[in-house]
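Notes follow the structure.
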Amino acid sequence: MLLTRDEMTFDFAGAKLDPARDRELLEWMFNQFLYGEVTGIQVGHWLYDAPDFEAARFLARQSLEEMQHVDNFLRIMAMLGCHPRPAHPAVRFLATGMMGGSWAEHVALEMAQGEGFVLQAFYAVIDTLDHKPSVDILRRAVKQEERHVEFGEQQTAKAIAGKGWLRRRLLGLSLVSMWGVRRLARYMENRLGKDHPVMKHLPAFLAHANVCAELRLRRIGVLDRPLGELSGGRRALLVAEAYGGKLLGGLGWLVTLPLRILPFWPRRKRLTDTYLHDAHVTGFALPAASIPDEAQPQEP
Ligand SMILES: [Fe+2]
Ligand SMILES: [Fe+2]
């Protein structure tokens, strides 16, 4: 990986998440992670698109690992008395709505950037959760996530070599995913309380996550100067150029856009829509777990 564990670690000053006191908060958090792992089914799409045998083999293995991670979170949630519930719409947008339209977008946005952000959140939970059996499970899973991020970094660098237009497009799209993270941060700040010993660090943690995301973009070569040197207008132009390029690149992306971002838009249901009612998930769930209607995700 282009960033070390140390660089990605945020100092919570010894604050801990308590399984009993923070059960509701942990349930919310683990449900976001659970959804993220279920989106591992999207790896299948990219396996079909893999540029070479080595990449295909990596993805085949990754898909199995993501399915194992689903079980990891279900196991942790059962241990902590947390019920499977729908993920926040911003998480759905980041994990599914931002799904890449090309191999380069997939490896840059979903693997290097997206899984990089999730990895940072996993490190934070490992460092703060006061529940050894859960932390042990997470410690094993992060080894695999680190490899996924590394693969994303390497493949992104390969994809942009000699292609300035692609580098700019990936940068524009990365700025949009950073916006999604900020939206999620605002929601968490408002909902999760500013007096909590761990959650009071959230704004600083997310700022640190953005610093790491920027560092990763620079080390891959997507960003050639500090983000602070790009004016608001230049950033807006990069975003416009990125989405304009997508539009010119094919109407297919435009046609499928509502399918990705509007939960009520009629479309074929995938496991990311139905997993909460799947026998595999309900089999793990605690007795008397009430699962809200999937069509109505929990709102702030
Ligand atoms: Fe995973
Ligand atoms: Fe992963």
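Residues are named by chain letter and number: chains run A, B, ... in the order of the structure tokens, numbers start at 1 in each chain, and ligands are numbered from 1 in the order shown.
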
Pick out the residues sitting within 10 Å of segment 132-149 of chain A, and hand them over as a compact mmCIF listing (two decimals) with C-alpha atoms, in the first residue's frame; count only C-alpha atoms, and ignore anything fewer than 3 positions along from it in its own chain.
# COMPACT_ATOMS: atom_id res chain seq x y z
CA MET A 1 0.00 0.00 0.00
CA LEU A 2 1.11 3.56 -0.68
CA LEU A 3 0.11 4.63 2.85
CA THR A 4 1.24 2.89 6.00
CA ARG A 5 -0.96 1.80 8.90
CA PHE A 58 -7.30 -11.30 -7.97
CA LEU A 59 -10.97 -10.35 -8.38
CA GLN A 62 -11.57 -10.83 -3.67
CA GLU A 65 -13.14 -12.53 0.70
CA GLU A 66 -15.91 -9.91 0.57
CA GLN A 68 -16.54 -13.83 4.10
CA HIS A 69 -16.51 -10.26 5.39
CA ASN A 72 -17.66 -11.51 9.79
CA PHE A 73 -19.94 -8.54 10.34
CA ARG A 75 -21.05 -12.63 13.51
CA ILE A 76 -19.83 -9.44 15.23
CA MET A 77 -23.34 -7.97 15.18
CA MET A 79 -22.18 -11.05 19.46
CA LEU A 80 -22.91 -7.38 20.20
CA VAL A 107 -9.90 0.51 -9.47
CA ALA A 108 -9.42 4.23 -8.67
CA GLU A 110 -14.01 1.89 -5.54
CA MET A 111 -10.78 0.10 -4.67
CA ALA A 112 -8.03 2.68 -3.97
CA GLN A 113 -10.28 5.49 -2.75
CA GLY A 114 -13.42 3.71 -1.45
CA GLU A 115 -11.84 0.67 0.15
CA GLY A 116 -9.03 2.95 1.39
CA PHE A 117 -11.61 4.98 3.28
CA VAL A 118 -13.33 1.86 4.63
CA LEU A 119 -9.96 0.47 5.71
CA GLN A 120 -9.33 3.62 7.69
CA PHE A 122 -11.82 -0.45 10.20
CA TYR A 123 -8.53 0.69 11.79
CA VAL A 125 -12.90 0.49 15.11
CA ILE A 126 -9.99 -1.86 15.89
CA ASP A 127 -8.34 0.91 17.91
CA THR A 128 -11.45 1.90 19.86
CA LEU A 129 -13.85 -1.03 20.22
CA GLY A 152 -6.54 -0.52 -6.68
CA GLU A 153 -3.54 1.78 -6.31
CA GLN A 154 -1.34 -0.27 -8.66
CA GLN A 155 -4.03 -0.71 -11.30

Item to complete: Pull the helix (DSSP H, G or I) assignments for segment 64-212 of chain A out of DSSP run on the backbone, and list those residues as number ranges by chain.
Response: A: 64-80, 89-97, 103-128, 132-160, 164-192, 199-212

Worksheet item: Taking into account only C-alpha atoms, which residue in the set A:Ala185, A:Ala207, A:Val176, A:Glu105 is nearest to Ala157 of chain A?
Response: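 Counting only C-alpha atoms, the residue closest to Ala157 of chain A is A:Glu105.
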
Item to complete: Go through A:Asp49, A:Asp224, A:Asp71, A:Glu214 one by one, measure the shortest atom-to-atom distance of each to ligand 1 using only C-alpha atoms and all ligand atoms, and give the residue with the smallest value.
Response: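 Once distances to ligand 1 are computed over only C-alpha atoms and all ligand atoms, the minimum belongs to A:Asp71.
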
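Among the candidate residues A:Gln42, A:Thr156, A:Asn31, A:Thr272, the one lying nearest to ligand 2 is A:Gln42, with distances computed using only C-alpha atoms and all ligand atoms.
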
Fill in: Residue nearest ligand 2 - candidates A:Leu74, A:Ser177, A:Phe151, A:Glu54, atoms counted: only C-alpha atoms and all ligand atoms
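Answer, going by the shortest atom-to-atom distance: A:Phe151.
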
Worksheet item: For Val198 of chain A, which residue among A:Arg169, A:Arg21, A:Arg92, A:Lys16 is the nearest when counting only C-alpha atoms?
Response: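 Checking each candidate against Val198 of chain A, we get A:Lys16 as the closest.
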
Worksheet item: Skipping near chain neighbours, those fewer than 2 positions away, what residues fall within 9 Å of Glu27 of chain A using only C-alpha atoms, listed as a count of residues only?
Response: 15

Fill in: Distance criterion (only C-alpha atoms and all ligand atoms): nearest to ligand 2 out of A:Asp11, A:Glu150, A:Glu241, A:Glu189
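Once distances to ligand 2 are computed over only C-alpha atoms and all ligand atoms, the minimum belongs to A:Glu150.
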